[in-house]
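Below: model_23.cif (mmCIF, C-alpha atoms)
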```cif
data_final
loop_
_atom_site.label_atom_id
_atom_site.label_comp_id
_atom_site.auth_asym_id
_atom_site.auth_seq_id
_atom_site.Cartn_x
_atom_site.Cartn_y
_atom_site.Cartn_z
CA MET A 1 15.50 -11.72 25.79
CA ILE A 2 17.50 -8.55 25.21
CA THR A 3 16.69 -5.22 26.83
CA LEU A 4 17.44 -1.56 26.21
CA ALA A 5 20.37 -1.89 28.62
CA ASP A 6 21.87 -4.62 26.44
CA ILE A 7 21.62 -2.38 23.38
CA GLU A 8 23.17 0.57 25.20
CA GLN A 9 26.06 -1.68 26.29
CA ALA A 10 26.41 -2.89 22.71
CA ARG A 11 26.81 0.72 21.56
CA LYS A 12 29.71 1.15 23.99
CA ASN A 13 31.26 -2.12 22.77
CA ILE A 14 31.14 -1.43 19.05
CA SER A 15 31.45 2.35 18.73
CA PRO A 16 35.26 2.26 18.26
CA HIS A 17 34.87 -0.15 15.35
CA ILE A 18 31.94 1.14 13.24
CA HIS A 19 30.58 4.27 11.60
CA ARG A 20 27.74 6.25 13.10
CA THR A 21 25.92 6.43 9.79
CA PRO A 22 24.12 9.55 8.52
CA LEU A 23 20.40 10.13 8.96
CA ILE A 24 19.19 12.50 6.22
CA ARG A 25 15.88 13.90 5.01
CA SER A 26 15.02 13.37 1.35
CA ASN A 27 12.99 16.16 -0.25
CA SER A 28 12.63 14.26 -3.52
CA LEU A 29 11.40 11.01 -1.97
CA SER A 30 9.08 12.96 0.33
CA THR A 31 7.52 14.59 -2.72
CA ILE A 32 7.19 11.29 -4.58
CA THR A 33 5.64 9.35 -1.67
CA GLY A 34 3.75 12.06 0.24
CA ALA A 35 5.48 11.11 3.49
CA ASP A 36 8.16 13.03 5.38
CA VAL A 37 10.99 10.66 4.44
CA HIS A 38 14.25 10.29 6.34
CA LEU A 39 16.96 7.79 5.37
CA LYS A 40 19.23 5.91 7.77
CA LEU A 41 22.22 5.17 5.55
CA GLU A 42 23.55 1.81 6.71
CA ASN A 43 24.54 1.19 3.09
CA LEU A 44 27.45 3.53 3.97
CA GLN A 45 28.44 1.40 6.97
CA LYS A 46 31.76 -0.45 7.02
CA THR A 47 31.58 -3.50 4.71
CA GLY A 48 28.51 -1.91 3.11
CA SER A 49 25.85 -3.10 5.57
CA PHE A 50 24.52 -2.94 9.12
CA LYS A 51 25.84 -6.45 9.79
CA VAL A 52 29.12 -5.26 11.31
CA ARG A 53 27.21 -3.98 14.31
CA GLY A 54 26.05 -7.42 15.39
CA ALA A 55 29.23 -9.15 14.27
CA PHE A 56 31.48 -6.96 16.39
CA ASN A 57 29.22 -7.12 19.45
CA ARG A 58 29.10 -10.91 19.28
CA MET A 59 32.79 -11.43 18.56
CA ILE A 60 34.17 -8.96 21.10
CA ALA A 61 32.99 -11.36 23.81
CA GLU A 62 34.11 -14.52 21.95
CA LYS A 63 37.17 -16.20 23.47
CA GLN A 64 37.87 -18.64 20.65
CA ASP A 65 40.24 -17.41 17.95
CA ARG A 66 38.48 -19.32 15.16
CA VAL A 67 34.95 -18.43 14.07
CA ILE A 68 32.56 -19.73 11.42
CA ALA A 69 29.46 -18.19 9.91
CA ALA A 70 26.89 -18.80 7.17
CA SER A 71 25.68 -16.01 4.95
CA MET A 72 24.36 -14.91 1.56
CA GLY A 73 27.00 -12.19 1.66
CA ASN A 74 26.55 -9.24 4.02
CA HIS A 75 27.01 -11.17 7.28
CA ALA A 76 29.91 -12.94 5.60
CA GLN A 77 31.73 -9.68 4.93
CA ALA A 78 30.93 -8.35 8.39
CA VAL A 79 32.25 -11.40 10.21
CA SER A 80 35.34 -11.51 7.98
CA TYR A 81 36.10 -7.85 8.61
CA ALA A 82 35.43 -8.04 12.37
CA ALA A 83 37.53 -11.19 12.69
CA GLY A 84 40.47 -9.49 11.01
CA MET A 85 40.17 -6.42 13.24
CA LEU A 86 39.91 -8.57 16.39
CA GLY A 87 42.71 -10.99 15.50
CA LYS A 88 40.52 -14.00 14.76
CA HIS A 89 40.37 -16.39 11.80
CA ALA A 90 37.04 -16.67 9.98
CA THR A 91 35.57 -19.37 7.77
CA ILE A 92 32.43 -18.36 5.90
CA VAL A 93 29.99 -20.85 4.39
CA MET A 94 27.98 -19.42 1.50
CA PRO A 95 25.44 -21.01 -0.85
CA GLU A 96 26.59 -21.46 -4.42
CA SER A 97 23.92 -18.94 -5.43
CA ALA A 98 25.61 -16.14 -3.45
CA ALA A 99 26.52 -13.15 -5.62
CA MET A 100 30.09 -13.37 -6.90
CA VAL A 101 30.81 -9.80 -5.81
CA LYS A 102 29.95 -10.78 -2.22
CA GLN A 103 32.06 -13.95 -2.39
CA GLU A 104 35.08 -11.99 -3.59
CA ALA A 105 34.57 -9.22 -1.04
CA THR A 106 34.45 -11.82 1.74
CA ARG A 107 37.72 -13.35 0.59
CA GLY A 108 39.15 -9.85 0.35
CA TYR A 109 38.60 -9.34 4.07
CA GLY A 110 40.73 -12.43 4.75
CA ALA A 111 38.20 -15.21 5.36
CA ASP A 112 38.20 -18.72 3.95
CA VAL A 113 35.05 -19.14 1.82
CA VAL A 114 33.34 -22.53 1.54
CA LEU A 115 30.45 -22.95 -0.92
CA ARG A 116 27.69 -25.38 0.08
CA GLY A 117 24.16 -25.87 -1.30
CA GLU A 118 21.86 -23.69 -3.35
CA ARG A 119 20.08 -21.84 -0.54
CA PHE A 120 21.09 -20.02 2.62
CA ASP A 121 19.58 -22.75 4.81
CA ASP A 122 21.91 -25.31 3.17
CA ALA A 123 24.94 -23.23 4.05
CA LEU A 124 23.63 -22.66 7.56
CA SER A 125 23.15 -26.39 8.20
CA PHE A 126 26.70 -27.12 7.09
CA ALA A 127 28.19 -24.35 9.24
CA LEU A 128 26.27 -25.47 12.31
CA ALA A 129 27.66 -28.98 11.93
CA GLN A 130 31.27 -27.81 12.28
CA THR A 131 32.80 -28.13 15.74
CA ASP A 132 36.26 -26.58 15.46
CA ALA A 133 35.17 -22.92 15.54
CA ALA A 134 32.71 -20.65 17.36
CA PHE A 135 29.55 -20.19 15.31
CA ILE A 136 28.48 -16.58 14.69
CA HIS A 137 24.79 -16.68 13.89
CA PRO A 138 23.61 -14.15 11.28
CA PHE A 139 20.51 -13.16 13.25
CA ASP A 140 19.25 -15.49 16.00
CA ASP A 141 21.71 -14.48 18.73
CA ASP A 142 21.19 -12.02 21.59
CA ASP A 143 24.54 -10.22 21.12
CA VAL A 144 23.94 -9.90 17.38
CA ILE A 145 20.43 -8.55 17.91
CA ALA A 146 21.65 -6.07 20.52
CA GLY A 147 24.36 -4.84 18.16
CA HIS A 148 21.82 -4.19 15.42
CA GLY A 149 19.56 -2.43 17.91
CA THR A 150 22.10 0.40 18.16
CA ILE A 151 20.61 1.74 14.90
CA GLY A 152 17.41 2.46 16.81
CA LEU A 153 19.33 4.44 19.41
CA GLU A 154 21.01 6.54 16.72
CA ILE A 155 17.73 7.29 14.94
CA LEU A 156 16.03 8.56 18.09
CA ASP A 157 19.14 10.50 19.14
CA GLU A 158 18.77 12.63 16.01
CA LEU A 159 15.08 12.79 15.19
CA ASP A 160 12.05 13.70 17.32
CA LYS A 161 8.47 12.51 16.88
CA VAL A 162 9.06 9.66 14.46
CA ASP A 163 5.77 8.15 13.31
CA ALA A 164 7.22 4.97 11.83
CA VAL A 165 10.51 3.18 11.21
CA PHE A 166 10.63 0.78 8.25
CA VAL A 167 13.09 -2.10 8.56
CA PRO A 168 14.05 -4.85 6.09
CA VAL A 169 13.48 -8.37 7.42
CA GLY A 170 15.16 -11.65 6.55
CA GLY A 171 15.88 -13.71 9.66
CA GLY A 172 14.67 -10.86 11.84
CA GLY A 173 17.77 -9.78 13.77
CA LEU A 174 17.74 -6.19 12.51
CA VAL A 175 14.06 -5.48 13.11
CA ALA A 176 14.12 -7.26 16.48
CA GLY A 177 16.98 -5.09 17.72
CA ILE A 178 15.65 -1.82 16.34
CA ALA A 179 12.13 -2.49 17.64
CA THR A 180 13.42 -3.28 21.13
CA ALA A 181 15.28 0.03 21.26
CA VAL A 182 12.57 2.15 19.66
CA LYS A 183 9.69 0.84 21.76
CA ALA A 184 11.67 1.41 24.97
CA LEU A 185 12.41 5.04 24.09
CA SER A 186 9.43 6.06 21.92
CA PRO A 187 6.49 3.69 22.46
CA LYS A 188 4.20 5.54 20.04
CA THR A 189 6.60 5.13 17.11
CA GLN A 190 5.51 2.28 14.88
CA VAL A 191 8.09 -0.27 13.79
CA ILE A 192 7.18 -1.99 10.54
CA GLY A 193 9.08 -4.94 9.11
CA ILE A 194 9.32 -5.35 5.33
CA GLN A 195 9.87 -8.51 3.33
CA THR A 196 9.87 -9.29 -0.35
CA GLU A 197 6.91 -11.35 -1.55
CA SER A 198 9.50 -13.93 -2.61
CA ALA A 199 10.67 -14.73 0.94
CA THR A 200 7.99 -14.47 3.61
CA SER A 201 8.91 -16.69 6.57
CA ALA A 202 8.96 -13.79 9.05
CA CYS A 203 5.62 -12.40 7.86
CA ARG A 204 3.94 -15.81 7.98
CA SER A 205 5.43 -16.49 11.42
CA TYR A 206 4.37 -13.09 12.74
CA ARG A 207 0.77 -13.67 11.68
CA GLY A 208 0.73 -17.34 12.64
CA LYS A 209 2.42 -16.71 16.01
CA ARG A 210 4.87 -19.56 15.43
CA VAL A 211 7.97 -20.19 13.32
CA CYS A 212 6.87 -20.96 9.76
CA GLU A 213 9.32 -22.05 7.09
CA HIS A 214 9.00 -20.78 3.53
CA VAL A 215 11.47 -21.69 0.81
CA PRO A 216 12.47 -18.39 -0.84
CA GLU A 217 11.83 -17.89 -4.52
CA HIS A 218 14.33 -16.10 -6.74
CA THR A 219 14.55 -12.47 -5.67
CA ILE A 220 16.57 -9.33 -6.30
CA ALA A 221 16.53 -8.87 -2.53
CA ASP A 222 18.86 -11.81 -1.97
CA GLY A 223 20.16 -10.40 1.31
CA ILE A 224 16.81 -11.10 3.00
CA ALA A 225 16.06 -14.39 1.22
CA VAL A 226 15.88 -16.41 4.44
CA GLY A 227 13.68 -19.48 4.65
CA THR A 228 13.20 -19.61 8.42
CA VAL A 229 12.89 -16.71 10.84
CA GLY A 230 14.81 -16.98 14.11
CA VAL A 231 13.23 -18.23 17.33
CA ARG A 232 14.69 -15.37 19.41
CA THR A 233 13.93 -12.81 16.76
CA LEU A 234 10.32 -13.91 16.36
CA GLU A 235 9.75 -13.56 20.10
CA LEU A 236 10.94 -9.94 19.96
CA ILE A 237 9.12 -9.22 16.70
CA SER A 238 5.88 -10.53 18.17
CA ARG A 239 6.28 -8.32 21.22
CA TYR A 240 7.49 -5.05 19.68
CA VAL A 241 6.81 -4.87 15.93
CA ASP A 242 3.54 -3.19 14.93
CA ASP A 243 3.13 -4.70 11.47
CA MET A 244 4.83 -6.84 8.85
CA MET A 245 4.36 -6.04 5.16
CA THR A 246 5.54 -7.49 1.85
CA VAL A 247 6.48 -5.79 -1.41
CA SER A 248 6.73 -6.92 -5.02
CA GLU A 249 9.92 -7.46 -6.98
CA ASP A 250 8.89 -4.68 -9.38
CA ALA A 251 8.58 -2.18 -6.53
CA ILE A 252 12.01 -3.17 -5.22
CA ALA A 253 13.54 -2.66 -8.66
CA ARG A 254 11.93 0.76 -8.95
CA ALA A 255 13.22 1.70 -5.49
CA ILE A 256 16.80 0.72 -6.40
CA LEU A 257 16.63 2.97 -9.46
CA LEU A 258 15.08 5.86 -7.51
CA PHE A 259 17.91 5.75 -4.99
CA LEU A 260 20.42 5.89 -7.83
CA GLU A 261 18.63 8.60 -9.80
CA ARG A 262 17.33 10.89 -7.05
CA LYS A 263 19.78 10.36 -4.18
CA LYS A 264 22.92 9.03 -5.92
CA LEU A 265 22.86 6.18 -3.42
CA VAL A 266 23.77 2.55 -4.13
CA VAL A 267 21.24 0.42 -2.25
CA GLU A 268 20.83 -3.29 -2.85
CA GLY A 269 17.44 -4.95 -3.08
CA ALA A 270 17.37 -6.03 0.56
CA GLY A 271 17.84 -2.42 1.65
CA ALA A 272 15.51 -0.93 -0.95
CA VAL A 273 12.41 -2.77 0.31
CA THR A 274 11.76 0.07 2.78
CA LEU A 275 11.24 2.57 -0.03
CA ALA A 276 9.38 -0.04 -2.07
CA VAL A 277 6.71 -0.27 0.63
CA LEU A 278 6.05 3.47 0.36
CA LEU A 279 5.82 3.18 -3.42
CA GLU A 280 3.18 0.44 -3.11
CA HIS A 281 1.34 1.55 0.04
CA GLY A 282 2.04 5.28 0.17
CA ASN A 283 -1.50 6.40 1.04
CA ARG A 284 -1.25 4.73 4.43
CA PHE A 285 1.73 6.89 5.39
CA LYS A 286 1.00 10.25 3.74
CA THR A 287 2.20 13.22 5.85
CA LYS A 288 3.80 10.82 8.38
CA ARG A 289 7.40 11.27 9.47
CA VAL A 290 9.04 7.99 8.54
CA VAL A 291 12.56 6.61 8.69
CA LEU A 292 13.66 4.13 6.04
CA VAL A 293 16.53 1.92 7.14
CA LEU A 294 18.71 1.38 4.06
CA SER A 295 20.35 -1.70 5.48
CA CYS A 296 22.89 -2.54 2.79
CA GLY A 297 24.51 -1.43 -0.43
CA ASN A 298 26.47 -4.42 -1.73
CA ILE A 299 24.67 -4.67 -5.03
CA ASP A 300 25.66 -6.86 -7.97
CA PHE A 301 25.93 -4.28 -10.74
CA THR A 302 24.99 -6.81 -13.39
CA LEU A 303 21.60 -6.72 -11.65
CA VAL A 304 21.37 -2.97 -12.19
CA ASP A 305 21.96 -3.54 -15.92
CA ARG A 306 19.09 -6.02 -16.00
CA ILE A 307 16.76 -3.67 -14.09
CA ILE A 308 17.47 -0.77 -16.44
CA LEU A 309 16.92 -2.93 -19.51
#
```

Please lay out the structure from this file as structure tokens.
Amino acid sequence: MITLADIEQARKNISPHIHRTPLIRSNSLSTITGADVHLKLENLQKTGSFKVRGAFNRMIAEKQDRVIAASMGNHAQAVSYAAGMLGKHATIVMPESAAMVKQEATRGYGADVVLRGERFDDALSFALAQTDAAFIHPFDDDDVIAGHGTIGLEILDELDKVDAVFVPVGGGGLVAGIATAVKALSPKTQVIGIQTESATSACRSYRGKRVCEHVPEHTIADGIAVGTVGVRTLELISRYVDDMMTVSEDAIARAILLFLERKKLVVEGAGAVTLAVLLEHGNRFKTKRVVLVLSCGNIDFTLVDRIIL
């Protein structure tokens, strides 16, 4: 199980390779929701998502020069980019349902892309079966989790007396890392994981205290459409996360549009769930100082057209 020391070491490892992303207060979203809203802009991170943090931390220690990963898109781009920067060759397995923009971006970073299955779990099974490259897990890996936890360090470096940090959850690597860091440095700060109602393995597992599979339904938050939470991540979530909540597809769509209209920010569905929870459950957090982790911004713009229409 990772510790604060692991996360602090991860920050030293990856700082030459990533952005320290902005943390800004939003007057407009504070007015709309009634909370004191601050935004951690990981959608402005290299490759458009937080995933490079874990990818670099894992791959810096990897001795093999060939790596393989499975992803819906954001981890794919992160591993591809990190591999290129570190002189490694990456093969990325993606489900056939992965957004075309994410497939093309992954190829653009130099990786070989292999399409397998309709769901993320299909791609993951295929990648795990390969033996000629080091597997870079998208979430259930200590180095990956520690890399993601550096976001928690950055938030608390810049902001005092945070009441709650809202974190998107798919397989759980992001929330596990952030929660480990936040609870070590600010035990009274709540860490709340957010899932779409269409993909709820982590929420079910958190409440059931065991890993529970749940086949994701179609969702505009495809980046967190994971059918099975990680074993390592669930252990950390169970220990450090204060609550897990779900939000509707309609609230996610509204959040995407609000980010575009009010903040001029491109945030994909997986990253917009943190605002969506305030839109649906705002009374619970009125007057509270909250940080929304906007985990990713690699949106398929044909989706934006459909949302607007």

### Message
Counting all atoms listed in the file, which residue out of A:Glu8, A:Glu158, A:Asp142, A:Asp163 sits closest to Glu235 in chain A?
### Response
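Selected residue with least distance to Glu235 in chain A: A:Asp142.
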
* At a cut-off of 9 Å from (24.2, -17.6, -0.5) in the coordinates of the file, what residues are picked up using only C-alpha atoms, written as a PyMOL selection string? -> chain A and resi 70-73+93-99+103+115-123+222-223+225

Between CA of Leu185 in chain A and CA of Ala35 in chain A lies a distance of 22.6 Å

Which residues come within 7 Å of Ile256 in chain A, counting all atoms listed in the file, excluding same-chain residues fewer than 2 positions away, as a PyMOL selection string? chain A and resi 252-254+258-260+267-269+272

Extract, using only C-alpha atoms, all DNA, RNA and protein residues at most 10 Å from range 79-91 of chain A, discarding same-chain residues fewer than 3 positions from it, and format them as a short mmCIF file (atom, residue, chain, number, x, y, z; two decimals) with C-alpha atoms, keeping the file's coordinate frame.
```cif
data_model
loop_
_atom_site.label_atom_id
_atom_site.label_comp_id
_atom_site.auth_asym_id
_atom_site.auth_seq_id
_atom_site.Cartn_x
_atom_site.Cartn_y
_atom_site.Cartn_z
CA HIS A 17 34.87 -0.15 15.35
CA ILE A 18 31.94 1.14 13.24
CA LYS A 46 31.76 -0.45 7.02
CA THR A 47 31.58 -3.50 4.71
CA LYS A 51 25.84 -6.45 9.79
CA VAL A 52 29.12 -5.26 11.31
CA ARG A 53 27.21 -3.98 14.31
CA GLY A 54 26.05 -7.42 15.39
CA ALA A 55 29.23 -9.15 14.27
CA PHE A 56 31.48 -6.96 16.39
CA ASN A 57 29.22 -7.12 19.45
CA ARG A 58 29.10 -10.91 19.28
CA MET A 59 32.79 -11.43 18.56
CA ILE A 60 34.17 -8.96 21.10
CA GLU A 62 34.11 -14.52 21.95
CA LYS A 63 37.17 -16.20 23.47
CA GLN A 64 37.87 -18.64 20.65
CA ASP A 65 40.24 -17.41 17.95
CA ARG A 66 38.48 -19.32 15.16
CA VAL A 67 34.95 -18.43 14.07
CA ILE A 68 32.56 -19.73 11.42
CA ALA A 69 29.46 -18.19 9.91
CA ALA A 70 26.89 -18.80 7.17
CA SER A 71 25.68 -16.01 4.95
CA ASN A 74 26.55 -9.24 4.02
CA HIS A 75 27.01 -11.17 7.28
CA ALA A 76 29.91 -12.94 5.60
CA MET A 94 27.98 -19.42 1.50
CA ALA A 105 34.57 -9.22 -1.04
CA THR A 106 34.45 -11.82 1.74
CA ARG A 107 37.72 -13.35 0.59
CA GLY A 108 39.15 -9.85 0.35
CA TYR A 109 38.60 -9.34 4.07
CA GLY A 110 40.73 -12.43 4.75
CA ALA A 111 38.20 -15.21 5.36
CA ASP A 112 38.20 -18.72 3.95
CA VAL A 113 35.05 -19.14 1.82
CA VAL A 114 33.34 -22.53 1.54
CA ALA A 127 28.19 -24.35 9.24
CA ALA A 133 35.17 -22.92 15.54
CA ALA A 134 32.71 -20.65 17.36
CA PHE A 135 29.55 -20.19 15.31
CA ILE A 136 28.48 -16.58 14.69
CA HIS A 137 24.79 -16.68 13.89
CA PRO A 138 23.61 -14.15 11.28
#
```

Correct to one decimal, the distance CA of Arg239 in chain A-CA of Lys12 in chain A is 25.4 Å

Rounded to one decimal in Å, what is the spacing between CA of Val162 in chain A and CA of Ile299 in chain A?
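For CA of Val162 in chain A relative to CA of Ile299 in chain A, the distance reads 28.8 Å.
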
- Message: Just checking: using only C-alpha atoms, which residue out of A:Gly171, A:Pro22, A:Gly149, A:Gly34 ends up closest to Pro216 in chain A?
- Response: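 Of A:Gly171, A:Pro22, A:Gly149, A:Gly34, the one nearest Pro216 in chain A, counting only C-alpha atoms, is A:Gly171.
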